[in-house]
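Shown here: input.cif, mmCIF, C-alpha atoms.
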data_work
loop_
_atom_site.label_atom_id
_atom_site.label_comp_id
_atom_site.auth_asym_id
_atom_site.auth_seq_id
_atom_site.Cartn_x
_atom_site.Cartn_y
_atom_site.Cartn_z
CA MET L 7 -4.54 15.58 -34.29
CA SER L 8 -6.86 18.54 -33.77
CA HIS L 9 -7.82 17.84 -30.17
CA PRO L 10 -4.95 18.41 -27.66
CA LEU L 11 -4.41 15.84 -24.93
CA HIS L 12 -4.75 17.98 -21.81
CA SER L 13 -7.16 15.95 -19.67
CA ILE L 14 -5.74 12.56 -18.75
CA SER L 15 -7.35 9.65 -16.93
CA VAL L 16 -5.16 6.95 -15.42
CA LEU L 17 -6.96 3.69 -14.68
CA GLY L 18 -5.24 1.84 -11.87
CA ALA L 19 -3.74 3.50 -8.79
CA GLY L 20 -0.91 1.01 -8.34
CA VAL L 21 2.80 1.73 -8.39
CA LEU L 22 3.25 2.73 -12.02
CA GLY L 23 -0.26 4.11 -12.48
CA GLY L 24 0.37 6.44 -9.56
CA GLN L 25 3.70 7.53 -11.02
CA ILE L 26 2.20 8.24 -14.46
CA ALA L 27 -0.58 10.27 -12.87
CA TRP L 28 1.73 12.31 -10.64
CA HIS L 29 4.30 12.99 -13.36
CA SER L 30 1.65 14.00 -15.90
CA ALA L 31 0.14 16.42 -13.38
CA PHE L 32 3.59 17.79 -12.56
CA LYS L 33 4.10 18.43 -16.27
CA GLY L 34 0.89 20.45 -16.51
CA LYS L 35 -1.82 17.92 -17.41
CA ARG L 36 -5.16 17.64 -15.59
CA VAL L 37 -5.31 14.10 -14.27
CA VAL L 38 -8.02 11.87 -12.84
CA VAL L 39 -6.87 8.71 -11.08
CA TYR L 40 -9.43 5.90 -11.12
CA ASP L 41 -9.31 2.70 -9.12
CA LEU L 42 -12.05 0.28 -8.18
CA PHE L 43 -10.77 0.12 -4.60
CA GLU L 44 -10.78 3.09 -2.23
CA ASP L 45 -7.81 1.75 -0.27
CA ALA L 46 -5.76 1.74 -3.48
CA LEU L 47 -6.67 5.40 -4.01
CA ASP L 48 -5.67 6.18 -0.43
CA ARG L 49 -2.28 4.53 -0.96
CA CYS L 50 -1.88 6.46 -4.20
CA LYS L 51 -2.50 9.77 -2.40
CA VAL L 52 0.18 8.90 0.12
CA ALA L 53 2.53 7.95 -2.71
CA HIS L 54 1.91 11.30 -4.38
CA GLN L 55 2.98 13.07 -1.20
CA GLN L 56 6.15 10.97 -1.26
CA TYR L 57 6.74 11.75 -4.93
CA ALA L 58 6.50 15.45 -4.15
CA GLN L 59 9.37 15.03 -1.69
CA ILE L 60 11.37 13.04 -4.27
CA TYR L 61 10.81 15.68 -6.96
CA ALA L 62 11.89 18.41 -4.56
CA GLN L 63 15.03 16.51 -3.54
CA ASP L 64 16.06 14.87 -6.80
CA LEU L 65 14.70 17.28 -9.43
CA GLY L 66 14.87 20.55 -7.51
CA ALA L 67 11.12 21.15 -7.86
CA GLY L 68 9.85 24.21 -6.01
CA GLN L 69 6.95 24.19 -3.60
CA ARG L 70 4.73 26.19 -5.95
CA SER L 71 5.10 23.68 -8.81
CA LEU L 72 4.44 20.81 -6.39
CA ASN L 73 1.30 22.49 -5.06
CA GLU L 74 0.10 23.05 -8.62
CA ALA L 75 0.68 19.37 -9.43
CA HIS L 76 -1.43 18.32 -6.44
CA ALA L 77 -4.16 20.74 -7.53
CA ARG L 78 -4.35 19.13 -10.98
CA LEU L 79 -5.02 15.67 -9.49
CA THR L 80 -8.38 14.18 -8.57
CA TYR L 81 -9.24 10.65 -7.47
CA THR L 82 -12.35 8.54 -7.96
CA SER L 83 -13.69 4.99 -7.73
CA ASP L 84 -16.50 5.85 -10.19
CA LEU L 85 -15.46 4.76 -13.69
CA ALA L 86 -17.93 7.06 -15.49
CA GLU L 87 -16.68 10.05 -13.53
CA GLY L 88 -13.10 8.97 -14.02
CA VAL L 89 -13.18 9.01 -17.82
CA ARG L 90 -15.95 11.50 -18.56
CA GLN L 91 -13.70 14.42 -19.59
CA ALA L 92 -10.63 12.49 -20.71
CA ASP L 93 -8.74 13.33 -23.88
CA LEU L 94 -6.48 10.36 -23.20
CA VAL L 95 -7.12 7.34 -20.99
CA ILE L 96 -4.05 5.38 -19.87
CA GLU L 97 -4.91 1.90 -18.62
CA ALA L 98 -2.57 0.62 -15.90
CA VAL L 99 -4.59 -2.14 -14.23
CA PRO L 100 -3.14 -5.57 -13.30
CA GLU L 101 -1.53 -7.75 -15.98
CA ILE L 102 -4.54 -10.08 -16.10
CA PRO L 103 -6.16 -10.24 -19.56
CA THR L 104 -9.71 -10.79 -18.28
CA VAL L 105 -9.44 -7.77 -15.99
CA LYS L 106 -8.28 -5.53 -18.82
CA THR L 107 -10.93 -6.79 -21.25
CA SER L 108 -13.76 -6.29 -18.75
CA LEU L 109 -12.59 -2.78 -17.99
CA TYR L 110 -12.42 -1.78 -21.67
CA GLN L 111 -15.88 -3.15 -22.33
CA ALA L 112 -17.35 -1.30 -19.36
CA MET L 113 -15.59 1.92 -20.33
CA ALA L 114 -16.38 1.94 -24.07
CA PRO L 115 -19.83 3.61 -23.85
CA LEU L 116 -18.61 6.18 -21.32
CA LEU L 117 -15.98 7.91 -23.47
CA GLN L 118 -16.21 11.07 -25.55
CA ALA L 119 -15.91 10.56 -29.30
CA HIS L 120 -12.42 12.05 -29.51
CA THR L 121 -10.90 10.20 -26.52
CA LEU L 122 -7.77 8.14 -27.16
CA LEU L 123 -6.87 4.99 -25.25
CA ALA L 124 -3.46 3.61 -24.37
CA THR L 125 -2.43 0.55 -22.40
CA ASN L 126 0.54 0.67 -20.08
CA SER L 127 0.68 -3.13 -20.14
CA SER L 128 4.20 -4.32 -19.56
CA THR L 129 3.92 -7.66 -21.39
CA LEU L 130 0.57 -7.97 -23.21
CA LEU L 131 -0.23 -6.85 -26.76
CA PRO L 132 -2.65 -4.09 -27.81
CA ARG L 133 -4.20 -6.33 -30.47
CA ASP L 134 -5.50 -8.58 -27.68
CA PHE L 135 -7.78 -5.80 -26.40
CA ALA L 136 -8.37 -3.56 -29.43
CA ALA L 137 -11.87 -4.90 -30.20
CA ALA L 138 -12.95 -4.58 -26.56
CA THR L 139 -12.15 -0.85 -26.57
CA GLY L 140 -14.83 -0.11 -29.19
CA ARG L 141 -12.39 2.28 -30.91
CA PRO L 142 -9.44 0.23 -32.16
CA ASP L 143 -8.17 3.03 -34.40
CA ARG L 144 -7.76 5.24 -31.31
CA TYR L 145 -5.93 2.64 -29.24
CA CYS L 146 -2.25 1.77 -28.84
CA ALA L 147 0.33 0.81 -26.21
CA LEU L 148 2.14 3.48 -24.21
CA HIS L 149 4.42 1.79 -21.71
CA PHE L 150 6.42 3.64 -19.06
CA ALA L 151 9.23 2.51 -16.75
CA ASN L 152 9.14 2.61 -12.97
CA MET L 153 10.83 5.62 -11.38
CA ILE L 154 9.45 7.63 -14.28
CA TRP L 155 11.17 10.82 -13.12
CA HIS L 156 14.60 9.22 -13.78
CA MET L 157 13.83 6.47 -16.31
CA ASN L 158 12.01 8.78 -18.67
CA LEU L 159 11.11 6.54 -21.57
CA ALA L 160 7.77 5.77 -23.16
CA GLU L 161 7.45 2.75 -25.45
CA ILE L 162 4.87 3.28 -28.19
CA MET L 163 3.50 0.25 -30.00
CA ALA L 164 0.60 0.01 -32.45
CA HIS L 165 -1.68 -2.82 -33.43
CA GLU L 166 -2.76 -3.30 -37.03
CA GLY L 167 -5.73 -0.94 -36.72
CA THR L 168 -4.10 1.96 -34.87
CA SER L 169 -4.30 5.19 -36.87
CA ASP L 170 -1.30 7.39 -37.59
CA GLU L 171 -3.19 10.29 -35.98
CA THR L 172 -3.42 8.35 -32.73
CA LEU L 173 0.27 7.50 -32.78
CA SER L 174 1.17 11.10 -33.51
CA ALA L 175 -0.95 12.45 -30.65
CA VAL L 176 0.29 9.87 -28.14
CA THR L 177 3.91 10.50 -29.12
CA GLU L 178 3.37 14.24 -28.71
CA PHE L 179 1.89 13.62 -25.26
CA ALA L 180 4.94 11.56 -24.28
CA ILE L 181 7.25 14.39 -25.32
CA ASP L 182 5.04 16.93 -23.50
CA ILE L 183 5.67 15.14 -20.21
CA GLY L 184 9.41 14.79 -20.77
CA MET L 185 9.62 11.23 -22.06
CA VAL L 186 11.98 9.85 -24.70
CA PRO L 187 9.68 8.06 -27.20
CA ILE L 188 10.76 4.48 -27.92
CA PRO L 189 9.08 3.36 -31.17
CA VAL L 190 8.39 -0.38 -31.24
CA SER L 191 8.22 -1.42 -34.90
CA LYS L 192 6.38 -4.70 -34.40
CA GLU L 193 4.01 -6.08 -31.77
CA GLN L 194 6.17 -7.93 -29.28
CA ASN L 195 5.26 -9.28 -25.86
CA GLY L 196 7.48 -7.39 -23.47
CA TYR L 197 8.10 -4.53 -25.92
CA VAL L 198 11.78 -3.49 -25.84
CA LEU L 199 12.26 -2.89 -22.11
CA ASN L 200 10.50 -5.91 -20.66
CA THR L 201 11.76 -8.35 -23.28
CA TRP L 202 15.07 -8.22 -21.48
CA LEU L 203 13.84 -7.10 -18.04
CA VAL L 204 11.39 -9.97 -17.46
CA ALA L 205 14.06 -12.44 -18.56
CA LEU L 206 16.47 -10.86 -16.06
CA LEU L 207 13.99 -10.89 -13.18
CA GLN L 208 12.92 -14.47 -13.99
CA ALA L 209 16.55 -15.60 -13.91
CA ALA L 210 17.20 -13.78 -10.64
CA GLN L 211 14.07 -15.17 -9.01
CA THR L 212 14.98 -18.68 -10.18
CA LEU L 213 18.31 -18.43 -8.35
CA ILE L 214 16.46 -17.47 -5.17
CA THR L 215 13.54 -19.91 -5.51
CA ASN L 216 15.93 -22.80 -6.12
CA GLY L 217 18.18 -21.84 -3.21
CA VAL L 218 21.23 -21.12 -5.35
CA ALA L 219 21.85 -17.62 -3.97
CA THR L 220 20.37 -15.07 -1.59
CA PRO L 221 18.76 -11.85 -2.88
CA GLU L 222 21.73 -9.76 -1.74
CA ILE L 223 24.20 -12.11 -3.46
CA VAL L 224 22.18 -11.96 -6.69
CA ASP L 225 22.09 -8.16 -6.62
CA ARG L 226 25.71 -7.79 -5.55
CA THR L 227 26.82 -9.97 -8.47
CA TYR L 228 24.76 -7.97 -10.94
CA MET L 229 25.90 -4.60 -9.62
CA ILE L 230 29.59 -5.55 -9.61
CA VAL L 231 29.42 -6.66 -13.24
CA ASN L 232 27.34 -3.62 -14.20
CA ARG L 233 29.16 -0.90 -12.29
CA GLY L 234 27.11 2.25 -11.98
CA CYS L 235 23.75 0.47 -11.66
CA ALA L 236 21.77 1.82 -8.74
CA MET L 237 20.27 -1.59 -7.87
CA GLY L 238 20.15 -5.22 -8.90
CA PRO L 239 17.27 -7.45 -10.05
CA CYS L 240 15.78 -7.94 -6.57
CA GLY L 241 15.81 -4.21 -5.95
CA ILE L 242 14.15 -3.76 -9.33
CA MET L 243 11.43 -6.23 -8.34
CA ASP L 244 10.74 -4.15 -5.24
CA VAL L 245 10.38 -1.05 -7.41
CA VAL L 246 8.20 -2.79 -10.00
CA GLY L 247 6.06 -4.15 -7.16
CA MET L 248 5.61 -7.72 -6.02
CA LYS L 249 2.00 -7.87 -7.21
CA THR L 250 3.02 -6.96 -10.77
CA CYS L 251 5.91 -9.45 -10.69
CA TYR L 252 3.55 -12.16 -9.46
CA ASP L 253 0.90 -11.38 -12.10
CA ILE L 254 3.44 -11.52 -14.93
CA LEU L 255 5.11 -14.74 -13.78
CA GLN L 256 1.80 -16.44 -13.01
CA HIS L 257 0.25 -15.48 -16.35
CA TRP L 258 3.20 -16.47 -18.52
CA GLY L 259 4.03 -19.49 -16.41
CA THR L 260 0.54 -20.79 -17.13
CA GLU L 261 0.49 -19.61 -20.74
CA LEU L 262 3.83 -21.22 -21.56
CA ASN L 263 3.42 -24.20 -19.22
CA ASP L 264 6.70 -23.10 -17.63
CA GLU L 265 7.03 -24.97 -14.33
CA GLN L 266 9.93 -22.87 -13.07
CA MET L 267 8.07 -19.64 -13.76
CA GLN L 268 5.05 -20.97 -11.88
CA ARG L 269 7.28 -21.92 -8.93
CA ASN L 270 8.74 -18.42 -8.97
CA ALA L 271 5.25 -16.92 -8.89
CA SER L 272 4.31 -19.18 -5.97
CA TYR L 273 7.46 -18.11 -4.11
CA ILE L 274 6.58 -14.42 -4.48
CA LYS L 275 3.02 -15.05 -3.31
CA ALA L 276 4.05 -17.06 -0.24
CA HIS L 277 7.00 -14.91 0.83
CA PHE L 278 5.63 -11.45 0.02
CA LEU L 279 2.01 -11.03 -1.07
CA ASP L 280 0.57 -13.29 1.64
CA ARG L 281 2.50 -11.21 4.18
CA GLY L 282 1.37 -7.85 2.81
CA GLN L 283 4.84 -7.02 1.53
CA LEU L 284 4.45 -5.30 -1.83
CA GLY L 285 7.98 -4.00 -2.27
CA LEU L 286 8.89 -0.32 -2.29
CA GLN L 287 5.19 0.60 -2.23
CA SER L 288 4.70 -0.93 1.24
CA GLY L 289 8.22 -0.28 2.51
CA SER L 290 9.19 -3.93 2.51
CA GLY L 291 10.00 -6.56 -0.11
CA TYR L 292 13.39 -8.09 -0.73
CA TYR L 293 14.71 -5.03 1.07
CA THR L 294 13.35 -2.59 3.63
CA TYR L 295 12.86 1.06 2.73
CA PRO L 296 13.73 3.92 2.75
CA ALA L 297 17.27 2.59 3.40
CA PRO L 298 17.71 -0.67 1.42
CA ALA L 299 20.92 -2.61 1.93
CA TYR L 300 22.02 -2.11 -1.69
CA GLN L 301 22.43 1.61 -0.99
CA ARG L 302 25.04 1.01 1.70
CA ALA L 303 28.47 2.37 0.84
CA ASP L 304 30.03 -1.05 1.52
CA PHE L 305 27.52 -3.15 -0.45
CA LEU L 306 30.01 -3.79 -3.29
CA ALA L 307 33.16 -3.55 -1.18
CA VAL L 308 35.79 -6.27 -0.92
CA PRO L 309 35.01 -7.92 2.43
CA ASP L 310 37.31 -8.10 5.40
CA LYS L 311 38.93 -11.46 6.06
CA SER L 312 36.97 -11.65 9.29
CA ASP L 313 33.87 -12.20 7.11
CA ILE L 314 35.22 -15.46 5.63
CA ALA L 315 33.38 -17.69 8.10
CA SER L 316 30.10 -15.95 7.29
CA LEU L 317 30.71 -16.33 3.55
CA ILE L 318 31.55 -20.02 3.91
CA GLY L 319 28.29 -20.46 5.82
CA LYS L 320 26.39 -19.42 2.69
CA ILE L 321 27.96 -22.16 0.59
CA ARG L 322 26.13 -25.49 0.33
CA LEU L 323 28.19 -28.28 -1.22
CA LEU L 324 26.38 -30.88 -3.29
CA PRO L 325 26.80 -34.52 -2.18
CA ARG L 326 29.75 -36.13 -3.89
#

How does this structure look as structure tokens?
Amino acid sequence: MSHPLHSISVLGAGVLGGQIAWHSAFKGKRVVVYDLFEDALDRCKVAHQQYAQIYAQDLGAGQRSLNEAHARLTYTSDLAEGVRQADLVIEAVPEIPTVKTSLYQAMAPLLQAHTLLATNSSTLLPRDFAAATGRPDRYCALHFANMIWHMNLAEIMAHEGTSDETLSAVTEFAIDIGMVPIPVSKEQNGYVLNTWLVALLQAAQTLITNGVATPEIVDRTYMIVNRGCAMGPCGIMDVVGMKTCYDILQHWGTELNDEQMQRNASYIKAHFLDRGQLGLQSGSGYYTYPAPAYQRADFLAVPDKSDIASLIGKIRLLPR
């Protein structure tokens, strides 16, 4: 690929879009963050200040490198301005097919001839949107994981019309920003990561929706069996973001006519979205942040016998 991917546009200022933008800027790329809503951009700016603190604490980043990362970032609600100079556009808007299609169609005439496109979709396929981009040969999937600074993987998936040059350039970009490329050999809803992750979160949410177990019990069970995990499924949902979890469950619940999945989506809407609780992004979801219960030293500890009455109170016996 003759044209280097230095100028990056990230479409969607949500949880993962904001992380991709910040991390790319930290790794030396010039980044424009686009979102249709100014309040989303404002939240993203606040998140970037928080990420700077995380990178300083967890990665040992110096103040100079953090200042330089901030200087490489710009924000806009004007789509034409957002993509005008992009070498690579990474789409990270909600997991709603009509929203993605409309955005690609609006963006197509605004791009430079050499610009590449990648979707960060967590469950949808690039072939579903390739025609709408107007440049299917320059389009593929590039999916990141939340907490990108620790979970540094980038899943790369082509559709039938993606060129090898595009795949090469996108893979090089992933390596440039410190990601481990995960090649996906065949189009698959959920890619590698979310094929198992969505199934895990759906199972966890089903236990909660159906009243089988509390969020802390679900996470404690998972973390005991998988010693060393920093959090369980409910903590992961907070990190992913309740809006994204809702969008995925609502879409696939409808698509697959899965009644349980639809009930799980309704639960998330009623208990979180309708109350303005977005998860880690808003400081409240299944847990409260910055000190969620699963980080307590005693979260996985064998309880004291004085806790037996409390434990018994959580058990509901079925009628005999």

Worksheet item: Exactly which residues make up the result of the PyMOL selection byres ((chain L and resi 42) around 10) on this file, given as an MDAnalysis selection string?
Response: chainID L and resid 17:19 40:41 43:47 82:85 99

Restrict the selected residues to C-alpha atoms and save them as a JSON list (two decimals), in the frame of the given file.
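Full text of out-v8.json as output:
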[["chain", "number", "residue", "atom", "x", "y", "z"],
["L", 17, "LEU", "CA", -6.96, 3.69, -14.68],
["L", 18, "GLY", "CA", -5.24, 1.84, -11.87],
["L", 19, "ALA", "CA", -3.74, 3.50, -8.79],
["L", 40, "TYR", "CA", -9.43, 5.90, -11.12],
["L", 41, "ASP", "CA", -9.31, 2.70, -9.12],
["L", 43, "PHE", "CA", -10.77, 0.12, -4.60],
["L", 44, "GLU", "CA", -10.78, 3.09, -2.23],
["L", 45, "ASP", "CA", -7.81, 1.75, -0.27],
["L", 46, "ALA", "CA", -5.76, 1.74, -3.48],
["L", 47, "LEU", "CA", -6.67, 5.40, -4.01],
["L", 82, "THR", "CA", -12.35, 8.54, -7.96],
["L", 83, "SER", "CA", -13.69, 4.99, -7.73],
["L", 84, "ASP", "CA", -16.50, 5.85, -10.19],
["L", 85, "LEU", "CA", -15.46, 4.76, -13.69],
["L", 99, "VAL", "CA", -4.59, -2.14, -14.23]]

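Taken over the whole file, the PyMOL selection byres ((chain L and resi 214-225) around 8) covers exactly Ala210, Gln211, Thr212, Leu213, Arg226, Thr227, Tyr228, Met229, Met237, Gly238, Pro239, Cys240, Gly241, Arg269, Asn270, Tyr273, Tyr292 and Tyr300 of chain L.
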
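Pairwise distance (atom CA of L:Pro187, atom CA of L:Ile254) equals 23.9 Å.
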
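The shell of residues at most 9 Å from L:Ile26, with all atoms listed in the file counted and near chain neighbours (fewer than 3 positions) removed, consists of Val16, Val21, Leu22, Gly23, His29, Ser30, Ala31, Ile96, Phe150 and Ile154 of chain L.
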
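Ranking L:Asp310, L:Glu161, L:Asp253, L:Asp264 by their shortest atom-to-atom distance to L:Pro189, with all atoms listed in the file included, puts L:Glu161 first.
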
Discussion item. Selection in question (the file shown): the PyMOL selection byres ((chain L and resi 179-184) around 10). Which residues does it include, as a PyMOL selection string?
Written reply: chain L and resi 10-12+26+29-35+94+148+150+154-155+158-162+173-178+185-188

Leaving out stretch 121-133 of chain L and any residue of its chain fewer than 3 positions from it, which residues lie within 6 Å of it when counting only C-alpha atoms, given as a short mmCIF file (atom, residue, chain, number, x, y, z; two decimals) with C-alpha atoms, in the frame of the given file?
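The result, stored in out17.cif:
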data_model
loop_
_atom_site.label_atom_id
_atom_site.label_comp_id
_atom_site.auth_asym_id
_atom_site.auth_seq_id
_atom_site.Cartn_x
_atom_site.Cartn_y
_atom_site.Cartn_z
CA ASP L 93 -8.74 13.33 -23.88
CA LEU L 94 -6.48 10.36 -23.20
CA VAL L 95 -7.12 7.34 -20.99
CA ILE L 96 -4.05 5.38 -19.87
CA GLU L 97 -4.91 1.90 -18.62
CA ALA L 98 -2.57 0.62 -15.90
CA GLN L 118 -16.21 11.07 -25.55
CA ALA L 136 -8.37 -3.56 -29.43
CA ARG L 144 -7.76 5.24 -31.31
CA TYR L 145 -5.93 2.64 -29.24
CA CYS L 146 -2.25 1.77 -28.84
CA ALA L 147 0.33 0.81 -26.21
CA LEU L 148 2.14 3.48 -24.21
CA HIS L 149 4.42 1.79 -21.71
CA HIS L 165 -1.68 -2.82 -33.43
CA ASN L 195 5.26 -9.28 -25.86
CA GLY L 196 7.48 -7.39 -23.47
#

Discussion item. So that I can see what lies close to L:Val89, please list as a ChimeraX atom specification the residues with an atom at most 6 Å from it, counting only C-alpha atoms and leaving out residues fewer than 3 positions away in the same chain.
Written reply: /L:15,86,92

Keeping only C-alpha atoms, write those residues as a short mmCIF file (atom, residue, chain, number, x, y, z; two decimals), in the coordinates of the input.
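Okay, this is what ended up in part-v9.cif:
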data_model
loop_
_atom_site.label_atom_id
_atom_site.label_comp_id
_atom_site.auth_asym_id
_atom_site.auth_seq_id
_atom_site.Cartn_x
_atom_site.Cartn_y
_atom_site.Cartn_z
CA SER L 15 -7.35 9.65 -16.93
CA ALA L 86 -17.93 7.06 -15.49
CA ALA L 92 -10.63 12.49 -20.71
#

Fill in: For L:Gln287: contacts at 12 Å, all atoms listed in the file, fewer than 2 positions along chain excluded, given as a PyMOL selection string
chain L and resi 19-22+24-25+46+49-54+56-57+152-153+243-250+282-285+289-291+293-296

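Remark: residues at most 9 Å from position (-0.7, 17.2, -5.9) in file coordinates are Trp28, Ala31, Phe32, Lys51, His54, Gln55, Ala58, Leu72, Asn73, Glu74, Ala75, His76, Ala77, Arg78, Leu79 and Thr80 of chain L, using only C-alpha atoms.
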
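Atom to atom, atom CA of L:Asp143 and atom CA of L:Ser169 stand 5.1 Å apart.
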
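Taking atom CA of L:Ile230 and atom CA of L:Tyr197 as the two end points, the separation is 27.0 Å.
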